[in-house]
>>> print(open('input39.tsv').read())   # TSV, C-alpha atoms and all ligand atoms
chain	number	residue	atom	x	y	z
A	1	MET	CA	0.00	0.00	0.00
A	2	TRP	CA	1.24	3.50	-0.87
A	3	ILE	CA	0.98	6.61	1.29
A	4	VAL	CA	1.15	10.07	-0.28
A	5	PRO	CA	1.21	12.66	2.55
A	6	GLU	CA	-0.56	15.98	2.23
A	7	ARG	CA	2.80	17.82	2.23
A	8	GLU	CA	3.79	16.15	-1.09
A	9	ILE	CA	0.64	16.99	-3.05
A	10	ALA	CA	1.57	20.57	-4.03
A	11	GLY	CA	4.82	19.39	-5.62
A	12	LEU	CA	3.14	16.60	-7.56
A	13	MET	CA	-0.31	17.56	-8.77
A	14	THR	CA	-0.79	20.07	-11.56
A	15	ARG	CA	-3.95	21.88	-12.66
A	16	ALA	CA	-3.64	20.14	-16.03
A	17	ALA	CA	-3.50	16.67	-14.45
A	18	ALA	CA	-6.51	17.48	-12.23
A	19	PHE	CA	-8.42	18.77	-15.25
A	20	ASP	CA	-7.76	15.60	-17.27
A	21	ALA	CA	-8.69	13.31	-14.37
A	22	VAL	CA	-11.99	15.13	-13.70
A	23	GLU	CA	-12.95	15.40	-17.38
A	24	GLN	CA	-12.36	11.67	-17.83
A	25	VAL	CA	-14.34	10.65	-14.78
A	26	PHE	CA	-17.30	12.92	-15.69
A	27	ALA	CA	-17.33	11.17	-19.08
A	28	ALA	CA	-17.22	7.74	-17.41
A	29	MET	CA	-20.13	8.72	-15.13
A	30	ALA	CA	-22.27	9.73	-18.09
A	31	SER	CA	-21.51	6.56	-20.05
A	32	GLY	CA	-22.42	4.41	-17.05
A	33	ASP	CA	-18.86	3.17	-16.45
A	34	ALA	CA	-18.50	4.95	-13.10
A	35	CYS	CA	-20.90	5.48	-10.25
A	36	ASN	CA	-20.86	7.38	-6.98
A	37	PHE	CA	-22.09	5.73	-3.82
A	38	PRO	CA	-24.60	7.46	-1.51
A	39	VAL	CA	-22.94	10.20	0.53
A	40	VAL	CA	-22.74	9.89	4.32
A	41	ARG	CA	-22.47	13.18	6.25
A	42	GLU	CA	-23.01	13.36	10.00
A	43	ALA	CA	-22.71	15.94	12.77
A	44	LEU	CA	-20.36	14.26	15.26
A	45	GLY	CA	-21.57	16.05	18.39
A	46	HIS	CA	-17.86	16.62	19.13
A	47	GLU	CA	-15.88	19.79	18.30
A	48	ASP	CA	-18.97	20.89	16.27
A	49	ALA	CA	-17.52	18.77	13.47
A	50	LEU	CA	-19.25	17.51	10.33
A	51	TYR	CA	-17.79	14.25	9.07
A	52	GLY	CA	-18.61	11.95	6.17
A	53	PHE	CA	-17.68	9.71	3.28
A	54	LYS	CA	-17.91	10.15	-0.48
A	55	GLY	CA	-17.07	7.02	-2.45
A	56	GLY	CA	-17.50	5.33	-5.76
A	57	PHE	CA	-16.15	2.97	-8.39
A	58	ASP	CA	-14.89	3.80	-11.86
A	59	ARG	CA	-14.88	0.57	-13.90
A	60	ALA	CA	-13.20	2.35	-16.83
A	61	GLY	CA	-10.34	3.81	-14.78
A	62	LEU	CA	-10.40	0.88	-12.26
A	63	THR	CA	-10.52	3.31	-9.34
A	64	LEU	CA	-12.32	2.21	-6.18
A	65	GLY	CA	-12.36	4.03	-2.88
A	66	LEU	CA	-13.65	6.88	-0.76
A	67	LYS	CA	-12.81	10.26	0.64
A	68	ALA	CA	-13.29	10.52	4.39
A	69	GLY	CA	-13.34	13.91	5.98
A	70	GLY	CA	-15.29	17.00	6.81
A	71	TYR	CA	-15.25	20.31	8.57
A	72	TRP	CA	-13.82	21.07	12.03
A	73	PRO	CA	-14.74	24.73	12.66
A	74	HIS	CA	-12.33	25.23	15.60
A	75	ASN	CA	-9.20	23.72	14.04
A	76	LEU	CA	-7.64	27.02	13.04
A	77	GLU	CA	-8.19	28.95	16.25
A	78	ARG	CA	-7.50	26.03	18.63
A	79	ARG	CA	-4.77	24.07	16.81
A	80	GLY	CA	-3.48	26.12	13.89
A	81	LEU	CA	-4.84	23.50	11.45
A	82	ILE	CA	-7.11	24.19	8.48
A	83	ASN	CA	-10.81	23.60	9.15
A	84	HIS	CA	-11.47	21.34	6.13
A	85	GLN	CA	-9.73	17.99	6.60
A	86	SER	CA	-9.94	15.00	4.26
A	87	THR	CA	-8.07	11.85	3.28
A	88	VAL	CA	-8.61	9.64	0.23
A	89	PHE	CA	-8.41	5.85	0.52
A	90	LEU	CA	-8.04	3.73	-2.64
A	91	PHE	CA	-8.60	-0.02	-2.90
A	92	ASP	CA	-7.52	-2.63	-5.44
A	93	PRO	CA	-10.78	-3.39	-7.30
A	94	ASP	CA	-9.56	-6.94	-8.07
A	95	THR	CA	-9.00	-7.93	-4.43
A	96	GLY	CA	-10.47	-5.28	-2.11
A	97	LYS	CA	-7.06	-4.72	-0.50
A	98	PRO	CA	-6.19	-1.10	0.31
A	99	SER	CA	-3.80	0.31	-2.27
A	100	ALA	CA	-3.26	3.92	-1.22
A	101	MET	CA	-3.89	6.59	1.42
A	102	VAL	CA	-3.59	10.13	0.06
A	103	GLY	CA	-3.83	13.60	1.65
A	104	GLY	CA	-7.08	15.07	0.35
A	105	ASN	CA	-7.05	18.74	1.35
A	106	LEU	CA	-5.27	20.39	-1.58
A	107	LEU	CA	-6.67	17.74	-3.94
A	108	THR	CA	-10.21	18.82	-2.98
A	109	ALA	CA	-9.48	22.41	-4.02
A	110	LEU	CA	-7.83	21.29	-7.27
A	111	ARG	CA	-10.57	18.87	-8.26
A	112	THR	CA	-13.29	21.44	-7.52
A	113	ALA	CA	-11.52	24.04	-9.64
A	114	ALA	CA	-11.07	21.44	-12.37
A	115	ALA	CA	-14.81	20.76	-12.42
A	116	SER	CA	-15.78	24.36	-13.18
A	117	SER	CA	-12.95	24.54	-15.73
A	118	VAL	CA	-14.23	21.45	-17.50
A	119	SER	CA	-17.67	23.10	-17.63
A	120	ILE	CA	-16.15	26.29	-19.08
A	121	LYS	CA	-14.25	24.30	-21.72
A	122	HIS	CA	-17.40	22.53	-22.89
A	123	LEU	CA	-20.14	25.13	-22.32
A	124	ALA	CA	-18.78	28.70	-22.40
A	125	ARG	CA	-18.80	30.67	-25.67
A	126	PRO	CA	-15.40	30.34	-27.38
A	127	ASP	CA	-15.15	34.16	-27.56
A	128	ALA	CA	-15.71	34.70	-23.79
A	129	LYS	CA	-13.61	37.67	-22.62
A	130	VAL	CA	-14.84	38.73	-19.15
A	131	ILE	CA	-14.94	36.35	-16.18
A	132	GLY	CA	-16.97	37.25	-13.10
A	133	MET	CA	-16.30	35.82	-9.64
A	134	ILE	CA	-18.84	35.66	-6.81
A	135	GLY	CA	-16.92	34.61	-3.71
A	136	ALA	CA	-13.37	35.40	-2.66
A	137	GLY	CA	-12.55	32.72	-0.08
A	138	HIS	CA	-10.15	29.78	-0.13
A	139	GLN	CA	-11.77	27.93	-3.05
A	140	ALA	CA	-12.35	31.06	-5.14
A	141	THR	CA	-8.66	31.58	-5.81
A	142	PHE	CA	-8.26	28.01	-7.10
A	143	GLN	CA	-11.37	28.42	-9.25
A	144	LEU	CA	-10.16	31.63	-10.85
A	145	ARG	CA	-6.61	30.38	-11.47
A	146	ALA	CA	-7.93	27.30	-13.31
A	147	ALA	CA	-10.68	29.14	-15.21
A	148	LEU	CA	-8.28	31.73	-16.62
A	149	GLU	CA	-6.59	28.91	-18.56
A	150	GLN	CA	-9.77	27.99	-20.45
A	151	ARG	CA	-10.42	31.08	-22.58
A	152	ALA	CA	-8.53	34.24	-23.62
A	153	PHE	CA	-10.06	36.29	-20.78
A	154	ASP	CA	-9.01	39.93	-20.78
A	155	LYS	CA	-10.78	41.08	-17.59
A	156	VAL	CA	-11.78	39.68	-14.19
A	157	ILE	CA	-14.68	41.25	-12.31
A	158	GLY	CA	-15.57	40.23	-8.76
A	159	TRP	CA	-18.17	40.65	-6.04
A	160	ASN	CA	-18.02	39.26	-2.52
A	161	TYR	CA	-20.36	39.43	0.46
A	162	HIS	CA	-17.27	40.36	2.50
A	163	PRO	CA	-15.61	42.97	0.25
A	164	GLU	CA	-12.44	43.00	2.34
A	165	MET	CA	-11.65	39.55	0.83
A	166	LEU	CA	-11.65	40.80	-2.80
A	167	PRO	CA	-7.84	41.35	-2.85
A	168	ASN	CA	-7.59	37.52	-2.88
A	169	LEU	CA	-9.11	37.59	-6.39
A	170	ALA	CA	-7.18	40.68	-7.47
A	171	GLN	CA	-3.92	38.93	-6.62
A	172	VAL	CA	-4.73	35.88	-8.76
A	173	ALA	CA	-5.77	38.12	-11.67
A	174	GLU	CA	-2.58	40.14	-11.33
A	175	GLU	CA	-0.44	36.98	-11.33
A	176	ALA	CA	-2.14	35.99	-14.60
A	177	GLY	CA	-1.62	39.48	-16.07
A	178	VAL	CA	-5.35	40.22	-16.34
A	179	PRO	CA	-6.93	43.42	-14.91
A	180	PHE	CA	-9.34	43.06	-11.99
A	181	GLU	CA	-12.32	45.25	-11.15
A	182	ALA	CA	-14.68	45.03	-8.14
A	183	VAL	CA	-18.32	45.38	-9.22
A	184	ASP	CA	-21.76	45.34	-7.65
A	185	LEU	CA	-24.04	42.41	-8.46
A	186	PRO	CA	-25.87	44.11	-11.38
A	187	GLY	CA	-22.39	44.75	-12.84
A	188	MET	CA	-22.07	40.98	-13.37
A	189	ASP	CA	-24.03	41.50	-16.61
A	190	GLU	CA	-20.66	42.33	-18.19
A	191	ALA	CA	-19.41	38.77	-17.63
A	192	ASP	CA	-19.35	36.04	-20.28
A	193	VAL	CA	-18.52	33.43	-17.62
A	194	ILE	CA	-19.47	33.61	-13.92
A	195	ILE	CA	-18.24	31.32	-11.15
A	196	SER	CA	-20.03	31.39	-7.80
A	197	ILE	CA	-18.18	29.77	-4.91
A	198	THR	CA	-19.58	30.91	-1.57
A	199	SER	CA	-21.04	29.30	1.53
A	200	ALA	CA	-24.28	31.31	1.21
A	201	PHE	CA	-27.72	30.10	2.24
A	202	SER	CA	-29.57	32.75	0.22
A	203	PRO	CA	-29.10	33.86	-3.39
A	204	SER	CA	-26.78	36.68	-4.43
A	205	LEU	CA	-26.89	36.38	-8.22
A	206	MET	CA	-30.34	37.16	-9.64
A	207	ALA	CA	-31.71	36.35	-13.08
A	208	ASP	CA	-31.54	40.00	-14.17
A	209	HIS	CA	-27.84	40.24	-13.22
A	210	VAL	CA	-26.90	37.88	-16.07
A	211	SER	CA	-26.66	38.63	-19.80
A	212	PRO	CA	-27.75	36.24	-22.56
A	213	GLY	CA	-24.95	33.92	-23.65
A	214	THR	CA	-23.31	33.69	-20.23
A	215	HIS	CA	-22.00	30.45	-18.76
A	216	ILE	CA	-22.38	30.18	-14.99
A	217	ALA	CA	-20.59	27.61	-12.82
A	218	CYS	CA	-22.32	27.30	-9.44
A	219	MET	CA	-19.75	25.60	-7.22
A	220	GLY	CA	-20.55	26.57	-3.62
A	221	THR	CA	-23.87	24.84	-3.07
A	222	ASP	CA	-23.08	21.33	-1.87
A	223	THR	CA	-25.53	20.93	1.02
A	224	ARG	CA	-29.27	21.01	1.49
A	225	GLY	CA	-30.37	24.61	2.13
A	226	LYS	CA	-27.34	26.36	0.61
A	227	GLN	CA	-28.11	28.68	-2.33
A	228	GLU	CA	-26.04	31.10	-4.43
A	229	VAL	CA	-28.28	32.02	-7.38
A	230	GLU	CA	-31.95	32.85	-7.76
A	231	ALA	CA	-34.10	29.85	-8.68
A	232	ALA	CA	-35.52	31.88	-11.58
A	233	LEU	CA	-31.99	32.05	-13.03
A	234	VAL	CA	-31.66	28.27	-12.88
A	235	ALA	CA	-35.05	28.04	-14.63
A	236	ARG	CA	-33.89	30.49	-17.34
A	237	ALA	CA	-30.72	28.49	-18.04
A	238	SER	CA	-29.89	25.17	-19.66
A	239	VAL	CA	-28.73	23.25	-16.59
A	240	PHE	CA	-25.82	20.81	-16.62
A	241	THR	CA	-24.47	19.00	-13.60
A	242	ASP	CA	-21.84	16.56	-12.44
A	243	GLU	CA	-24.42	14.19	-10.88
A	244	VAL	CA	-28.19	14.56	-11.24
A	245	ALA	CA	-28.98	12.83	-7.91
A	246	GLN	CA	-26.79	15.31	-6.00
A	247	SER	CA	-27.95	18.32	-8.02
A	248	VAL	CA	-31.59	17.80	-7.04
A	249	SER	CA	-30.86	17.06	-3.38
A	250	ILE	CA	-27.82	19.15	-2.33
A	251	GLY	CA	-26.99	21.25	-5.40
A	252	GLU	CA	-28.16	24.59	-6.73
A	253	ALA	CA	-31.03	22.93	-8.63
A	254	GLN	CA	-32.69	21.85	-5.35
A	255	HIS	CA	-34.45	25.24	-5.06
A	256	ALA	CA	-35.76	25.50	-8.64
A	257	ILE	CA	-37.04	21.94	-8.29
A	258	ALA	CA	-38.69	22.66	-4.93
A	259	GLU	CA	-40.37	25.74	-6.43
A	260	GLY	CA	-41.65	23.66	-9.36
A	261	LEU	CA	-39.73	25.78	-11.91
A	262	ILE	CA	-37.82	22.82	-13.38
A	263	THR	CA	-37.89	19.04	-13.05
A	264	GLN	CA	-35.13	16.46	-12.71
A	265	ALA	CA	-35.64	15.66	-16.40
A	266	ASP	CA	-34.32	19.14	-17.28
A	267	LEU	CA	-30.86	18.35	-15.83
A	268	ILE	CA	-28.10	17.17	-18.18
A	269	GLN	CA	-24.92	15.40	-17.10
A	270	LEU	CA	-21.86	17.39	-18.18
A	271	GLY	CA	-20.27	14.05	-19.06
A	272	ALA	CA	-22.82	13.61	-21.86
A	273	VAL	CA	-21.48	16.78	-23.47
A	274	ILE	CA	-17.89	15.54	-23.03
A	275	ASN	CA	-18.88	12.20	-24.62
A	276	GLY	CA	-20.66	13.96	-27.50
A	277	THR	CA	-24.04	12.41	-26.71
A	278	HIS	CA	-25.49	15.85	-25.84
A	279	PRO	CA	-24.75	18.95	-27.94
A	280	GLY	CA	-24.22	21.25	-24.91
A	281	ARG	CA	-24.50	24.94	-25.87
A	282	THR	CA	-26.51	25.34	-29.09
A	283	SER	CA	-26.70	29.15	-29.46
A	284	ASP	CA	-24.72	32.26	-28.60
A	285	ASP	CA	-27.49	33.78	-26.47
A	286	GLN	CA	-28.26	30.64	-24.44
A	287	ILE	CA	-27.44	30.81	-20.72
A	288	THR	CA	-25.73	27.62	-19.60
A	289	LEU	CA	-25.40	26.79	-15.90
A	290	PHE	CA	-23.20	24.07	-14.39
A	291	ASP	CA	-24.37	22.85	-10.99
A	292	GLY	CA	-21.10	21.46	-9.58
A	293	THR	CA	-22.00	19.59	-6.43
A	294	GLY	CA	-18.70	17.74	-5.96
A	295	VAL	CA	-18.68	13.94	-6.29
A	296	GLY	CA	-16.51	11.29	-4.68
A	297	LEU	CA	-15.31	10.01	-8.06
A	298	GLN	CA	-13.60	13.38	-8.65
A	299	ASP	CA	-11.60	12.83	-5.46
A	300	LEU	CA	-10.69	9.27	-6.40
A	301	ALA	CA	-9.65	10.32	-9.91
A	302	VAL	CA	-7.22	13.01	-8.76
A	303	ALA	CA	-5.92	10.80	-5.93
A	304	ALA	CA	-5.19	7.92	-8.34
A	305	ALA	CA	-3.35	10.35	-10.63
A	306	VAL	CA	-1.26	11.69	-7.77
A	307	VAL	CA	-0.32	8.19	-6.54
A	308	ASN	CA	1.12	7.40	-9.97
A	309	LEU	CA	3.06	10.67	-9.98
A	310	ALA	CA	4.33	10.04	-6.44
A	311	ILE	CA	5.52	6.51	-7.31
A	312	ASP	CA	7.26	7.80	-10.47
A	313	ARG	CA	9.08	10.48	-8.46
A	314	SER	CA	9.93	8.15	-5.52
A	315	VAL	CA	8.06	10.24	-2.93
A	316	ALA	CA	5.30	7.70	-2.22
A	317	ILE	CA	5.84	5.78	1.03
A	318	GLN	CA	5.30	2.04	0.72
A	319	VAL	CA	3.98	0.08	3.71
A	320	ASP	CA	3.24	-3.58	4.11
A	321	PHE	CA	-0.42	-3.86	5.04
A	401	LIG	P1	-14.38	30.13	2.66
A	401	LIG	O1	-14.90	30.10	4.05
A	401	LIG	O2	-12.93	30.29	2.42
A	401	LIG	O3	-15.13	31.30	1.85
A	401	LIG	C1	-16.52	31.47	1.96
A	401	LIG	C2	-17.00	32.45	0.92
A	401	LIG	O4	-18.42	32.61	1.06
A	401	LIG	C3	-16.40	33.85	1.08
A	401	LIG	O5	-16.27	34.44	-0.19
A	401	LIG	C4	-17.46	34.58	1.92
A	401	LIG	O6	-17.41	35.97	1.78
A	401	LIG	C5	-18.72	34.00	1.27
A	401	LIG	N1	-19.91	34.12	2.12
A	401	LIG	C6	-20.01	33.82	3.44
A	401	LIG	N2	-21.26	34.08	3.86
A	401	LIG	C7	-21.96	34.57	2.79
A	401	LIG	C8	-23.29	35.00	2.58
A	401	LIG	N3	-24.17	35.00	3.57
A	401	LIG	N4	-23.65	35.41	1.34
A	401	LIG	C9	-22.76	35.41	0.31
A	401	LIG	N5	-21.49	34.99	0.45
A	401	LIG	C10	-21.10	34.58	1.67
A	401	LIG	O7	-14.94	28.79	1.97
A	401	LIG	P2	-14.38	28.02	0.71
A	401	LIG	O8	-13.43	26.97	1.15
A	401	LIG	O9	-13.96	29.00	-0.32
A	401	LIG	O10	-15.69	27.24	0.22
A	401	LIG	C11	-16.75	27.95	-0.39
A	401	LIG	C12	-17.92	27.02	-0.59
A	401	LIG	O11	-17.58	26.00	-1.53
A	401	LIG	C13	-18.41	26.29	0.66
A	401	LIG	O12	-19.83	26.35	0.68
A	401	LIG	C14	-17.96	24.86	0.42
A	401	LIG	O13	-18.79	23.93	1.08
A	401	LIG	C15	-18.09	24.76	-1.08
A	401	LIG	N6	-17.33	23.70	-1.70
A	401	LIG	C16	-17.90	23.06	-2.76
A	401	LIG	C17	-17.20	22.05	-3.40
A	401	LIG	C18	-17.81	21.36	-4.58
A	401	LIG	O14	-17.25	20.36	-5.05
A	401	LIG	N7	-18.88	21.83	-5.14
A	401	LIG	C19	-15.92	21.68	-2.96
A	401	LIG	C20	-15.35	22.38	-1.90
A	401	LIG	C21	-16.06	23.39	-1.28
>>> encode(input="input39.tsv", output="structure tokens")
Amino acid sequence: MWIVPEREIAGLMTRAAAFDAVEQVFAAMASGDACNFPVVREALGHEDALYGFKGGFDRAGLTLGLKAGGYWPHNLERRGLINHQSTVFLFDPDTGKPSAMVGGNLLTALRTAAASSVSIKHLARPDAKVIGMIGAGHQATFQLRAALEQRAFDKVIGWNYHPEMLPNLAQVAEEAGVPFEAVDLPGMDEADVIISITSAFSPSLMADHVSPGTHIACMGTDTRGKQEVEAALVARASVFTDEVAQSVSIGEAQHAIAEGLITQADLIQLGAVINGTHPGRTSDDQITLFDGTGVGLQDLAVAAAVVNLAIDRSVAIQVDF
């Protein structure tokens, strides 16, 4: 069994490798070769922590396993550790023996950024120039860095509920050599692509904040009750998702479904577009929306990629188990 510690991930995993792994596994999900198992998420009643498991099996990539982890809200203040903690466990699908244990914290950020980037590659207009960010926290910087590689963007605009965090976005834009401008929410109508990545429980982005032809990646809503965009915006858009079952229950689509504005049948797996079995965007004024809920197979895909890189570079630790 191989161990790849969290400290090694930054030196091994690239955005390009995460993108390829996530694109491939989305395709495998849509073709029926890969499936996610039901998610377990529990309040521990200890340290106010939320803990759970996201697992699955990819028969095409032969990746079996789970990510175990969650959110410990007091880690930073009490122990100087980050609040999100996760570890990926991989198993040999031929025997069931454990094959790898991999630090999952940075991988989670990279695989989440890869998901919105895959949606931009397949759904945004090729001539997209302005990218809008809603959210400026930890994940937002990863999202922006990855998205900037997908189109020839010449401007970043951003809004955040806590405006004092906007310099996080400005710094990423500056590193990429693209100008950044803080806007109010109606100013998002300048954007050709919008990524929302907040922990909000009520919508910020409204239907009339968005211009025809925009692609929106909703990445923050991953729990029942969370919401980043108005349900009417979801209803106005063509909606794509990583996993339909999660989109209707814990994703952004949960609200439009609950309000009777759309049905489950309106949701399209992004993997179908990757596989060419769905055309994706069909006109320049269509609004496309990706409901990225975050699936276990994404975690397994990037973890399997990083194990191979770690073995190649002799930084994986081998243990007899
Ligand atoms: P963070 O704590 O670093 O940042 C939170 C962001 O939400 C900040 O921009 C903050 O200003 C904003 N925010 C807080 N309260 C708000 C409110 N009431 N209205 C609008 N915005 C508000 O968190 P993070 O690590 O960047 O994660 C952001 C979100 O992404 C979380 O909800 C997290 O669960 C989710 N997430 C999703 C996936 C996925 O695969 N879809 C993966 C990882 C994280």
>>> closest_residue(input="input39.tsv", among="A:Leu289, A:Val307, A:Leu166, A:Ile317", to="A:Phe89", atoms="only C-alpha atoms")
A:Val307
>>> residues_around(input="input39.tsv", residues="A:His215", least_positions_apart="4", cutoff="9 Å", atoms="all atoms listed in the file", output="list in words")
Ser119, Ile120, Leu123, Ala124, Arg125, Ala191, Asp192, Val193, Ile194, Ile195, Ala237, Gln286, Ile287, Thr288, Leu289 and Phe290 of chain A
>>> write_last_selection(input="input39.tsv", atoms="C-alpha atoms", output="PDB file, in the coordinates of the input")
ATOM      1  CA  SER A 119     -17.670  23.100 -17.630  1.00  0.00           C
ATOM      2  CA  ILE A 120     -16.150  26.290 -19.080  1.00  0.00           C
ATOM      3  CA  LEU A 123     -20.140  25.130 -22.320  1.00  0.00           C
ATOM      4  CA  ALA A 124     -18.780  28.700 -22.400  1.00  0.00           C
ATOM      5  CA  ARG A 125     -18.800  30.670 -25.670  1.00  0.00           C
ATOM      6  CA  ALA A 191     -19.410  38.770 -17.630  1.00  0.00           C
ATOM      7  CA  ASP A 192     -19.350  36.040 -20.280  1.00  0.00           C
ATOM      8  CA  VAL A 193     -18.520  33.430 -17.620  1.00  0.00           C
ATOM      9  CA  ILE A 194     -19.470  33.610 -13.920  1.00  0.00           C
ATOM     10  CA  ILE A 195     -18.240  31.320 -11.150  1.00  0.00           C
ATOM     11  CA  ALA A 237     -30.720  28.490 -18.040  1.00  0.00           C
ATOM     12  CA  GLN A 286     -28.260  30.640 -24.440  1.00  0.00           C
ATOM     13  CA  ILE A 287     -27.440  30.810 -20.720  1.00  0.00           C
ATOM     14  CA  THR A 288     -25.730  27.620 -19.600  1.00  0.00           C
ATOM     15  CA  LEU A 289     -25.400  26.790 -15.900  1.00  0.00           C
ATOM     16  CA  PHE A 290     -23.200  24.070 -14.390  1.00  0.00           C
TER      17      PHE A 290
END
>>> residues_near_ligand(input="input39.tsv", ligand="ligand LIG 401 (chain A)", cutoff="8 Å", atoms="only C-alpha atoms and all ligand atoms", output="PyMOL selection string")
chain A and resi 84+108-109+111-112+115+134-140+160-163+165+197-204+218-223+226+228+292-295
>>> atom_distance(input="input39.tsv", atom1="atom CA of A:Phe142", atom2="atom CA of A:Leu107")
10.9 Å
>>> closest_residue(input="input39.tsv", among="A:Leu185, A:Leu270, A:Ile262, A:Ala30", to="A:His122", atoms="only C-alpha atoms")
A:Leu270
>>> closest_residue(input="input39.tsv", among="A:Ala235, A:Phe321, A:Gly52, A:Phe153", to="A:Ala207", atoms="only C-alpha atoms")
A:Ala235
>>> build_atoms(input="input39.tsv", residues="stretch 115-133 of chain A", atoms="N, CA and C atoms", output="tab-separated table (two decimals), keeping the file's coordinate frame")
chain	number	residue	atom	x	y	z
A	115	ALA	N	-13.43	21.01	-11.97
A	115	ALA	CA	-14.81	20.76	-12.42
A	115	ALA	C	-15.40	21.99	-13.11
A	116	SER	N	-15.23	23.17	-12.52
A	116	SER	CA	-15.78	24.36	-13.18
A	116	SER	C	-15.03	24.63	-14.47
A	117	SER	N	-13.73	24.34	-14.49
A	117	SER	CA	-12.95	24.54	-15.73
A	117	SER	C	-13.42	23.62	-16.84
A	118	VAL	N	-13.72	22.38	-16.49
A	118	VAL	CA	-14.23	21.45	-17.50
A	118	VAL	C	-15.56	21.98	-18.05
A	119	SER	N	-16.39	22.55	-17.15
A	119	SER	CA	-17.67	23.10	-17.63
A	119	SER	C	-17.44	24.29	-18.55
A	120	ILE	N	-16.45	25.13	-18.23
A	120	ILE	CA	-16.15	26.29	-19.08
A	120	ILE	C	-15.67	25.81	-20.45
A	121	LYS	N	-14.76	24.83	-20.44
A	121	LYS	CA	-14.25	24.30	-21.72
A	121	LYS	C	-15.40	23.86	-22.62
A	122	HIS	N	-16.37	23.15	-22.05
A	122	HIS	CA	-17.40	22.53	-22.89
A	122	HIS	C	-18.65	23.38	-23.09
A	123	LEU	N	-18.85	24.42	-22.25
A	123	LEU	CA	-20.14	25.13	-22.32
A	123	LEU	C	-20.02	26.64	-22.56
A	124	ALA	N	-18.89	27.25	-22.21
A	124	ALA	CA	-18.78	28.70	-22.40
A	124	ALA	C	-18.60	29.03	-23.89
A	125	ARG	N	-19.02	30.24	-24.29
A	125	ARG	CA	-18.80	30.67	-25.67
A	125	ARG	C	-17.30	30.74	-25.93
A	126	PRO	N	-16.85	30.31	-27.10
A	126	PRO	CA	-15.40	30.34	-27.38
A	126	PRO	C	-14.82	31.75	-27.29
A	127	ASP	N	-15.67	32.78	-27.55
A	127	ASP	CA	-15.15	34.16	-27.56
A	127	ASP	C	-15.31	34.86	-26.19
A	128	ALA	N	-15.52	34.09	-25.13
A	128	ALA	CA	-15.71	34.70	-23.79
A	128	ALA	C	-14.48	35.53	-23.42
A	129	LYS	N	-14.72	36.75	-22.93
A	129	LYS	CA	-13.61	37.67	-22.62
A	129	LYS	C	-13.59	38.10	-21.15
A	130	VAL	N	-14.78	38.21	-20.52
A	130	VAL	CA	-14.84	38.73	-19.15
A	130	VAL	C	-15.31	37.61	-18.23
A	131	ILE	N	-14.53	37.37	-17.17
A	131	ILE	CA	-14.94	36.35	-16.18
A	131	ILE	C	-15.32	37.05	-14.88
A	132	GLY	N	-16.48	36.67	-14.34
A	132	GLY	CA	-16.97	37.25	-13.10
A	132	GLY	C	-16.89	36.24	-11.97
A	133	MET	N	-16.41	36.70	-10.81
A	133	MET	CA	-16.30	35.82	-9.64
A	133	MET	C	-17.26	36.30	-8.55
